[in-house]
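Chemist: Would you mind keeping the following structure in view while I ask a few things?
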Amino acid sequence: MSERSGDAEALGGGRSPGPVLAVEGLTMHYSTRAGVVRAVDGVSFSVGKGQALGLVGESGCGKSSLALTLLKLLPENAQILSGRILLDGMDIVPLPEERMREYRWSRIAMVFQAAMNSLNPVYRVGEQIIEALEVHVESAREESLRRVRELYDLVNLDPSLIMRYPHEYSGGMKQRAVIAMALACEPDVVIADEPTTALDVIVQDHILREMKNVRAELGMSMIYVSHDMAVIAEVSDMVGVMYAGRLVELGSTVDVFRDPIHPYTRALTSAFPSVTGEKHELTVLPGEPPNMIDPPSGCRFHPRCPYATDPCRSETPPIVRRGGHWAACWNPTGEGA
Amino acid sequence: MVGYLLNRTFQILLTLFVFMSIVFFIVNAQPGDVSNVYALNPDLPPETRERLRDLFGVNEPLWKQYLVHVRNTLTGNFGVSFSNYPRSVADIVMERLPRTLALFMTATVLSFYLGFALGKIIAWRRGGWTEYTSTIGGVTLYTVFTPWFGLMMIWLLGFKAGWLPIGKFLDPELWRDAPTDANAVFGMMIATAVAASVIVFAVFALTKKRRGSGAALIRIGSLAGSLLVAVGIWLVAGTGYLAWDIIRHMVLPVVTLTLISFAGTMLLTRSSMLETMREDYVVAARAKGLPEKDVRDRHVARNALLPVVTSFMFSLAFAVDGGVIIESIFSWPGMGQTLVSAAVAEDLPLAVGAFVFVGSFILLAHLAADVLYVYLDPRIRY
Ligand SMILES: Nc1ncnc2c1ncn2[C@@H]1O[C@H](COP(=O)(O)OP(=O)(O)O)[C@@H](O)[C@H]1O
Ligand code: SF4
Ligand SMILES: [Mg+2]
């Protein structure tokens, strides 16, 4: 039984004929001295044109690893073991580095988790955006500068900041600049890894709303990555829930929130019955995320799951479909349970 | 920036004053004085030696000597050398300092350039054949006993192979009928080097924003151009053969110095590169689809350069006073040798004067390095 069966058709929400980005059975491991870290394990999903997919899960469950795998920007100790990453139907996994460079930024761009640190402190911010334009878009410097001004307008940054250095920007301004940089080459897909985690709530809210507007305006697809369900709920059409390197539930945001199937999703959406009986404002899930080197057998969530039964401990859970979404669980919760 | 420079200049003057005082007392702490040199000379009766002591002022109490010394130094008068009487200290220093600077600055710049280039490569391609050879070779040279290595270089390249002249900074035979003296030629050479570097630096600064083969062509062109113009001027002036003689004499000590010191920069660059490679902006640069070379040079190496520049500042100090051994081995008549002979001859004014000149130069170099640092790291604003 594989999670792969839960892909494209389950995502019927896509508005275009073929998905812009489709991921099939993607598996990526890190080799470390302590052992093999199974950071991404058989993940499948797809994103249609103009769609926004949110990936949510606790810290350490492999969200950033998945995001980096999509750009094949992995460290030396990482290895894509299997699976396909289809950009408009073309698999980029076997592409050599030289070809891969052409796809980066022009087709898939990224807003990094530590956006604050993804600007080089010794270059002016505008130059760093122009640098991306120069690699992918043949244009004169004047042209590039005009494009940067356009982008600053789009993300509500004062154009007088263009030729300033990163340390002269505030946190929110840097974040906006990094978003502007991601949009520079009009990519088909933008991956935003915890785009607002380091910001205070008000700035976070503004930026999320702006990103939503920009997406509507430009019609590109987005993948939001966050540990925060509230953020994902606000900005995405689809939600994928990750646990210990695996996608455990995937469906439209409305469905997943209204009727979560997987107990883990239920926990994240705050509908989790607390084991200790205490009332938590935000549900605090008891236990630790699993060790990714030696993950639990069967359902990886079983040591922490209050619904766990015998098969959960030994066998990979089956795919359960309900409405527009699916989850991998032996004992699904909610309406159908 | 102006305020910062003024502030730094004031600090430097203060440091110089303290430095000068310390030097004065340390040199005076040596037992004996200038008359000792003549103690075993039977032609000089004790009265004459006493007269000498009076004449040179070393009979005065120490505090009085110190005050005289301070007054003289503040008015730019470093006095007369005892052992080279009646030449003035300033005159001697002006003759020897440029020789030392030319030798050690060339070696320091070369060693940093080589170390940085190698460090960059071995950090980028770890575990390769290049890393293995350059690390083992570099560290061996770095730790080898300097006098032994210097002598080996002389023996190998100068004596056995006979490619390069051994010792001294010119060939006396050649200079016997020379139209001008060595120091004039030396000064001209330094002026040429400075002018060429300024031009090349300006061209690099102007083409900073341009990328691609066009900019590279302009840069290489400016380099080759200034080299050609310099050679042309020297040929027309007719003293080119003299400059060439000095350059030939510089090769052995410069190569020796470069070889024994580049590994420090190389290993520092390597670790600085490895640290910078983990930065998020490097991943971002790669995500933007930049070619590997741009990621390495524009994003990793450019930022990894900062600590290397700091270390360069300190090496400049070494460049002037660490030269005693090298100057002795290669019979290079520069500041190192001057200091040693002044100390041996109890030549107080020359020793103190030489120290003060060397100290001022080092502090000035630090000031220049500070300015360079501000230029390299936009986060620093004073
Ligand atoms: N370069 C790496 N080498 C080895 N393990 C890594 C590396 N990067 C991340 N990991 C491990 O992979 C797992 C997933 O990490 P990550 O993708 O950063 O999760 P998330 O973004 O969801 O917080 C973690 O256990 C983390 O320790
Ligand atoms: S499969 Fe079992 S352990 Fe896993 S989430 Fe479902 S009920 Fe819990
Ligand atoms: Mg992360």
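Identifiers in the structure tokens: chain A, B, ... in order shown; residue index from 1 per chain; ligand index from 1 in order shown.
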Quick one: which chain A residues come within 6 Å of ligand 1, and what is the nearest atom pair for each with the distance in Å to one decimal, counting only C-alpha atoms and all ligand atoms, rows ordered by chain and ascending number, as a Markdown table?

Modeler:
```
| residue | atom | partner | partner_atom_place_in_ligand_line | distance |
| --- | --- | --- | --- | --- |
| A:Tyr30 | CA | ligand 1 | 4 (C) | 4.9 |
| A:Thr32 | CA | ligand 1 | 4 (C) | 5.7 |
| A:Val37 | CA | ligand 1 | 5 (N) | 5.9 |
| A:Ala39 | CA | ligand 1 | 12 (O) | 4.8 |
| A:Ser59 | CA | ligand 1 | 23 (O) | 3.6 |
| A:Gly60 | CA | ligand 1 | 19 (O) | 3.5 |
| A:Cys61 | CA | ligand 1 | 22 (O) | 4.1 |
| A:Gly62 | CA | ligand 1 | 17 (O) | 3.3 |
| A:Lys63 | CA | ligand 1 | 22 (O) | 3.7 |
| A:Ser64 | CA | ligand 1 | 21 (O) | 3.5 |
| A:Ser65 | CA | ligand 1 | 17 (O) | 3.5 |
| A:Pro75 | CA | ligand 1 | 1 (N) | 5.7 |
| A:Met292 | CA | ligand 1 | 25 (O) | 5.4 |
```

Chemist: Write out as JSON, numbers by chain each polymer residue (protein, DNA or RNA) that has an atom no more than 12 Å from ligand 3, with only C-alpha atoms and all ligand atoms counted.

Modeler: {"A": [39, 55, 56, 57, 58, 59, 60, 61, 62, 63, 64, 65, 66, 67, 68, 111, 112, 113, 114, 115, 192, 193, 194, 195, 197, 224, 225, 226, 227, 228, 242, 245]}

Chemist: Taking only C-alpha atoms into account, produce a table as JSON lines in which each residue of chain B with an atom at most 12 Å from an atom of chain A appears once, together with its shortest atom pair and the distance in Å to one decimal, ordered by chain and rising number.

Modeler:
```
{"residue": "B:Arg125", "atom": "CA", "partner": "A:Glu76", "partner_atom": "CA", "distance": 11.7}
{"residue": "B:Arg126", "atom": "CA", "partner": "A:Glu76", "partner_atom": "CA", "distance": 11.3}
{"residue": "B:Lys208", "atom": "CA", "partner": "A:Glu127", "partner_atom": "CA", "distance": 11.5}
{"residue": "B:Lys209", "atom": "CA", "partner": "A:Glu127", "partner_atom": "CA", "distance": 8.8}
{"residue": "B:Arg210", "atom": "CA", "partner": "A:Arg141", "partner_atom": "CA", "distance": 9.3}
{"residue": "B:Arg211", "atom": "CA", "partner": "A:Glu134", "partner_atom": "CA", "distance": 9.4}
{"residue": "B:Gly212", "atom": "CA", "partner": "A:Glu134", "partner_atom": "CA", "distance": 10.5}
{"residue": "B:Thr276", "atom": "CA", "partner": "A:Asn120", "partner_atom": "CA", "distance": 10.6}
{"residue": "B:Met277", "atom": "CA", "partner": "A:Pro75", "partner_atom": "CA", "distance": 10.7}
{"residue": "B:Arg278", "atom": "CA", "partner": "A:Pro75", "partner_atom": "CA", "distance": 9.7}
{"residue": "B:Glu279", "atom": "CA", "partner": "A:Asn117", "partner_atom": "CA", "distance": 7.4}
{"residue": "B:Asp280", "atom": "CA", "partner": "A:Ser118", "partner_atom": "CA", "distance": 4.9}
{"residue": "B:Tyr281", "atom": "CA", "partner": "A:Ser118", "partner_atom": "CA", "distance": 3.9}
{"residue": "B:Val282", "atom": "CA", "partner": "A:Ser118", "partner_atom": "CA", "distance": 7.5}
{"residue": "B:Val283", "atom": "CA", "partner": "A:Leu73", "partner_atom": "CA", "distance": 7.4}
{"residue": "B:Ala284", "atom": "CA", "partner": "A:Ser118", "partner_atom": "CA", "distance": 5.7}
{"residue": "B:Ala285", "atom": "CA", "partner": "A:Ser118", "partner_atom": "CA", "distance": 8.2}
{"residue": "B:Arg286", "atom": "CA", "partner": "A:Leu73", "partner_atom": "CA", "distance": 7.5}
{"residue": "B:Ala287", "atom": "CA", "partner": "A:Arg104", "partner_atom": "CA", "distance": 5.8}
{"residue": "B:Lys288", "atom": "CA", "partner": "A:Trp105", "partner_atom": "CA", "distance": 5.0}
{"residue": "B:Gly289", "atom": "CA", "partner": "A:Arg101", "partner_atom": "CA", "distance": 4.4}
{"residue": "B:Leu290", "atom": "CA", "partner": "A:Val135", "partner_atom": "CA", "distance": 6.5}
{"residue": "B:Pro291", "atom": "CA", "partner": "A:Arg101", "partner_atom": "CA", "distance": 7.4}
{"residue": "B:Glu292", "atom": "CA", "partner": "A:Glu98", "partner_atom": "CA", "distance": 9.3}
{"residue": "B:Asp294", "atom": "CA", "partner": "A:Glu131", "partner_atom": "CA", "distance": 10.0}
{"residue": "B:Val295", "atom": "CA", "partner": "A:Glu131", "partner_atom": "CA", "distance": 11.1}
{"residue": "B:Arg298", "atom": "CA", "partner": "A:Tyr123", "partner_atom": "CA", "distance": 9.5}
{"residue": "B:His299", "atom": "CA", "partner": "A:Asn120", "partner_atom": "CA", "distance": 7.1}
{"residue": "B:Val300", "atom": "CA", "partner": "A:Asn120", "partner_atom": "CA", "distance": 9.5}
{"residue": "B:Ala301", "atom": "CA", "partner": "A:Val122", "partner_atom": "CA", "distance": 11.5}
{"residue": "B:Arg302", "atom": "CA", "partner": "A:Val122", "partner_atom": "CA", "distance": 8.3}
{"residue": "B:Asn303", "atom": "CA", "partner": "A:Val122", "partner_atom": "CA", "distance": 7.3}
{"residue": "B:Ala304", "atom": "CA", "partner": "A:Val122", "partner_atom": "CA", "distance": 11.0}
{"residue": "B:Leu305", "atom": "CA", "partner": "A:Val122", "partner_atom": "CA", "distance": 11.2}
{"residue": "B:Leu306", "atom": "CA", "partner": "A:Val122", "partner_atom": "CA", "distance": 10.3}
{"residue": "B:Tyr373", "atom": "CA", "partner": "A:Val122", "partner_atom": "CA", "distance": 11.5}
{"residue": "B:Val374", "atom": "CA", "partner": "A:Val122", "partner_atom": "CA", "distance": 10.8}
{"residue": "B:Tyr375", "atom": "CA", "partner": "A:Val122", "partner_atom": "CA", "distance": 9.8}
{"residue": "B:Leu376", "atom": "CA", "partner": "A:Val122", "partner_atom": "CA", "distance": 7.4}
{"residue": "B:Asp377", "atom": "CA", "partner": "A:Val122", "partner_atom": "CA", "distance": 5.9}
{"residue": "B:Pro378", "atom": "CA", "partner": "A:Val122", "partner_atom": "CA", "distance": 5.8}
{"residue": "B:Arg379", "atom": "CA", "partner": "A:His167", "partner_atom": "CA", "distance": 6.6}
{"residue": "B:Ile380", "atom": "CA", "partner": "A:His167", "partner_atom": "CA", "distance": 10.0}
{"residue": "B:Arg381", "atom": "CA", "partner": "A:His167", "partner_atom": "CA", "distance": 11.1}
```

Chemist: Output N, CA and C atoms for every residue in the selection just made, as a compact mmCIF listing (two decimals), in the first residue's frame.

Modeler:
```
# COMPACT_ATOMS: atom_id res chain seq x y z
N ARG B 125 36.79 22.45 -3.18
CA ARG B 125 36.89 21.04 -3.59
C ARG B 125 37.65 20.29 -2.52
N ARG B 126 36.93 19.92 -1.49
CA ARG B 126 37.62 19.30 -0.37
C ARG B 126 38.04 17.87 -0.69
N LYS B 208 33.38 47.28 -11.39
CA LYS B 208 32.83 46.38 -10.37
C LYS B 208 31.43 45.89 -10.74
N LYS B 209 30.63 46.79 -11.28
CA LYS B 209 29.23 46.45 -11.56
C LYS B 209 29.08 45.65 -12.83
N ARG B 210 30.12 45.70 -13.70
CA ARG B 210 30.00 45.00 -14.97
C ARG B 210 30.43 43.57 -14.81
N ARG B 211 29.73 42.71 -15.48
CA ARG B 211 30.09 41.30 -15.40
C ARG B 211 30.35 40.77 -16.80
N GLY B 212 30.85 39.55 -16.87
CA GLY B 212 31.04 38.93 -18.17
C GLY B 212 32.42 39.21 -18.74
N THR B 276 31.74 30.26 5.86
CA THR B 276 30.83 31.07 5.04
C THR B 276 29.93 30.19 4.17
N MET B 277 30.46 29.03 3.74
CA MET B 277 29.68 28.17 2.86
C MET B 277 28.40 27.68 3.54
N ARG B 278 28.37 27.71 4.85
CA ARG B 278 27.16 27.26 5.56
C ARG B 278 26.11 28.35 5.67
N GLU B 279 26.45 29.58 5.26
CA GLU B 279 25.52 30.69 5.41
C GLU B 279 24.31 30.53 4.49
N ASP B 280 23.18 31.06 4.93
CA ASP B 280 21.96 30.94 4.13
C ASP B 280 22.06 31.67 2.81
N TYR B 281 22.79 32.80 2.80
CA TYR B 281 22.83 33.53 1.54
C TYR B 281 23.60 32.76 0.47
N VAL B 282 24.40 31.80 0.87
CA VAL B 282 25.10 30.97 -0.12
C VAL B 282 24.11 29.99 -0.75
N VAL B 283 23.27 29.39 0.08
CA VAL B 283 22.22 28.52 -0.46
C VAL B 283 21.31 29.35 -1.36
N ALA B 284 20.99 30.56 -0.91
CA ALA B 284 20.12 31.43 -1.71
C ALA B 284 20.77 31.75 -3.05
N ALA B 285 22.07 32.02 -3.03
CA ALA B 285 22.77 32.32 -4.28
C ALA B 285 22.69 31.14 -5.23
N ARG B 286 22.82 29.95 -4.70
CA ARG B 286 22.74 28.75 -5.53
C ARG B 286 21.30 28.57 -6.03
N ALA B 287 20.34 28.87 -5.15
CA ALA B 287 18.93 28.73 -5.54
C ALA B 287 18.60 29.66 -6.69
N LYS B 288 19.28 30.80 -6.74
CA LYS B 288 19.02 31.75 -7.81
C LYS B 288 19.52 31.24 -9.14
N GLY B 289 20.25 30.13 -9.11
CA GLY B 289 20.74 29.56 -10.35
C GLY B 289 22.05 30.17 -10.80
N LEU B 290 22.78 30.82 -9.90
CA LEU B 290 24.07 31.38 -10.29
C LEU B 290 25.05 30.25 -10.60
N PRO B 291 25.96 30.49 -11.54
CA PRO B 291 26.99 29.48 -11.82
C PRO B 291 27.87 29.27 -10.58
N GLU B 292 28.38 28.05 -10.44
CA GLU B 292 29.22 27.70 -9.28
C GLU B 292 30.31 28.74 -9.02
N ASP B 294 30.40 31.89 -9.69
CA ASP B 294 29.88 33.12 -9.08
C ASP B 294 29.53 32.90 -7.62
N VAL B 295 28.95 31.73 -7.32
CA VAL B 295 28.62 31.44 -5.92
C VAL B 295 29.90 31.44 -5.10
N ARG B 298 31.79 35.37 -5.74
CA ARG B 298 31.04 36.57 -5.36
C ARG B 298 30.39 36.43 -3.99
N HIS B 299 30.00 35.22 -3.62
CA HIS B 299 29.29 35.10 -2.36
C HIS B 299 30.12 34.48 -1.24
N VAL B 300 30.83 33.40 -1.53
CA VAL B 300 31.59 32.78 -0.44
C VAL B 300 32.92 33.50 -0.23
N ALA B 301 33.74 33.57 -1.27
CA ALA B 301 35.09 34.11 -1.09
C ALA B 301 35.05 35.59 -0.68
N ARG B 302 34.12 36.34 -1.25
CA ARG B 302 34.05 37.76 -0.94
C ARG B 302 33.81 37.98 0.55
N ASN B 303 32.96 37.14 1.15
CA ASN B 303 32.69 37.30 2.57
C ASN B 303 33.76 36.65 3.42
N ALA B 304 34.36 35.57 2.90
CA ALA B 304 35.42 34.89 3.64
C ALA B 304 36.68 35.75 3.68
N LEU B 305 36.72 36.75 2.82
CA LEU B 305 37.90 37.63 2.73
C LEU B 305 38.08 38.47 4.00
N LEU B 306 36.96 38.79 4.67
CA LEU B 306 37.04 39.76 5.77
C LEU B 306 38.04 39.38 6.87
N TYR B 373 38.94 48.10 5.25
CA TYR B 373 37.93 47.25 5.88
C TYR B 373 36.54 47.88 5.78
N VAL B 374 36.50 49.19 5.99
CA VAL B 374 35.22 49.89 5.87
C VAL B 374 34.68 49.74 4.45
N TYR B 375 35.60 49.80 3.50
CA TYR B 375 35.21 49.68 2.11
C TYR B 375 34.69 48.26 1.83
N LEU B 376 35.29 47.26 2.47
CA LEU B 376 34.93 45.87 2.18
C LEU B 376 33.67 45.41 2.92
N ASP B 377 33.44 45.94 4.10
CA ASP B 377 32.29 45.50 4.87
C ASP B 377 31.34 46.65 5.14
N PRO B 378 30.25 46.70 4.36
CA PRO B 378 29.33 47.84 4.48
C PRO B 378 28.65 47.93 5.84
N ARG B 379 28.69 46.85 6.62
CA ARG B 379 28.04 46.90 7.93
C ARG B 379 28.79 47.82 8.88
N ILE B 380 30.09 48.04 8.59
CA ILE B 380 30.88 48.91 9.45
C ILE B 380 30.74 50.35 8.97
N ARG B 381 30.16 51.17 9.82
CA ARG B 381 30.06 52.60 9.50
C ARG B 381 30.44 53.36 10.75
```

Chemist: Using DSSP on the backbone coordinates, identify the residues of stretch 117-280 of chain A assigned to alpha helix (DSSP H); present them as a PyMOL selection string.

Modeler: chain A and resi 125-136+141-154+171-183+201-218+229-235+253-258+263-268

Chemist: Distance limit 8 Å, reference ligand 2, atoms considered: only C-alpha atoms and all ligand atoms. Which residues make the cut? Give them as a ChimeraX atom specification.

Modeler: /A:262-264,298-309,311-313,316-317,328-332

Chemist: Restricted to C-alpha atoms, what would the selected residues look like written as a PDB file, in the first residue's frame?

Modeler:
```
ATOM      1  CA  HIS A 262      -5.645  11.719  10.777  1.00  0.00           C
ATOM      2  CA  PRO A 263      -5.319  12.010  14.577  1.00  0.00           C
ATOM      3  CA  TYR A 264      -2.180  14.079  14.080  1.00  0.00           C
ATOM      4  CA  GLY A 298       4.140   0.870  11.163  1.00  0.00           C
ATOM      5  CA  CYS A 299       2.505   4.238  11.587  1.00  0.00           C
ATOM      6  CA  ARG A 300       5.252   6.603  12.694  1.00  0.00           C
ATOM      7  CA  PHE A 301       2.790   8.480  14.876  1.00  0.00           C
ATOM      8  CA  HIS A 302       1.823   5.468  16.966  1.00  0.00           C
ATOM      9  CA  PRO A 303       3.923   6.194  20.101  1.00  0.00           C
ATOM     10  CA  ARG A 304       2.030   9.450  20.532  1.00  0.00           C
ATOM     11  CA  CYS A 305      -1.373   8.509  19.156  1.00  0.00           C
ATOM     12  CA  PRO A 306      -4.222   7.980  21.604  1.00  0.00           C
ATOM     13  CA  TYR A 307      -6.079   5.866  18.989  1.00  0.00           C
ATOM     14  CA  ALA A 308      -3.190   3.512  18.335  1.00  0.00           C
ATOM     15  CA  THR A 309      -4.052  -0.173  17.992  1.00  0.00           C
ATOM     16  CA  PRO A 311      -1.756  -2.910  13.431  1.00  0.00           C
ATOM     17  CA  CYS A 312      -0.612   0.677  13.882  1.00  0.00           C
ATOM     18  CA  ARG A 313       2.579  -0.581  15.495  1.00  0.00           C
ATOM     19  CA  THR A 316       2.007   0.825   7.247  1.00  0.00           C
ATOM     20  CA  PRO A 317      -1.460   2.387   7.509  1.00  0.00           C
ATOM     21  CA  ALA A 328      -2.968   7.381   5.989  1.00  0.00           C
ATOM     22  CA  CYS A 329      -4.428   5.865   9.143  1.00  0.00           C
ATOM     23  CA  TRP A 330      -5.730   2.584  10.539  1.00  0.00           C
ATOM     24  CA  ASN A 331      -8.275   4.251  12.786  1.00  0.00           C
ATOM     25  CA  PRO A 332      -9.451   7.430  11.099  1.00  0.00           C
TER      26      PRO A 332
END
```

Chemist: Tell me, as a list in words, which residues lie within 12 Å of B:Glu173, counting only C-alpha atoms; anything in the same chain fewer than 4 positions away does not count.

Modeler: Asp177, Ala178, Leu242 and Asp245 of chain B

Chemist: Include N, CA, C and O atoms and write out the residues we just selected as a short mmCIF file (atom, residue, chain, number, x, y, z; two decimals), in the first residue's frame.

Modeler:
```cif
data_model
loop_
_atom_site.label_atom_id
_atom_site.label_comp_id
_atom_site.auth_asym_id
_atom_site.auth_seq_id
_atom_site.Cartn_x
_atom_site.Cartn_y
_atom_site.Cartn_z
N ASP B 177 79.53 52.42 -13.32
CA ASP B 177 79.43 53.60 -14.19
C ASP B 177 77.98 54.03 -14.37
O ASP B 177 77.63 54.67 -15.36
N ALA B 178 77.13 53.64 -13.43
CA ALA B 178 75.71 53.97 -13.58
C ALA B 178 75.51 55.47 -13.52
O ALA B 178 76.19 56.17 -12.76
N LEU B 242 69.22 48.87 -14.73
CA LEU B 242 69.53 48.96 -13.30
C LEU B 242 68.35 48.43 -12.47
O LEU B 242 68.53 47.68 -11.51
N ASP B 245 68.29 44.81 -12.56
CA ASP B 245 69.28 44.22 -11.66
C ASP B 245 68.72 44.11 -10.24
O ASP B 245 68.85 43.08 -9.58
#
```

Chemist: Give me, please, the distance in Å between atom CA of B:Asn41 and atom CA of B:Ala343, quoted to one decimal.

Modeler: 19.3 Å
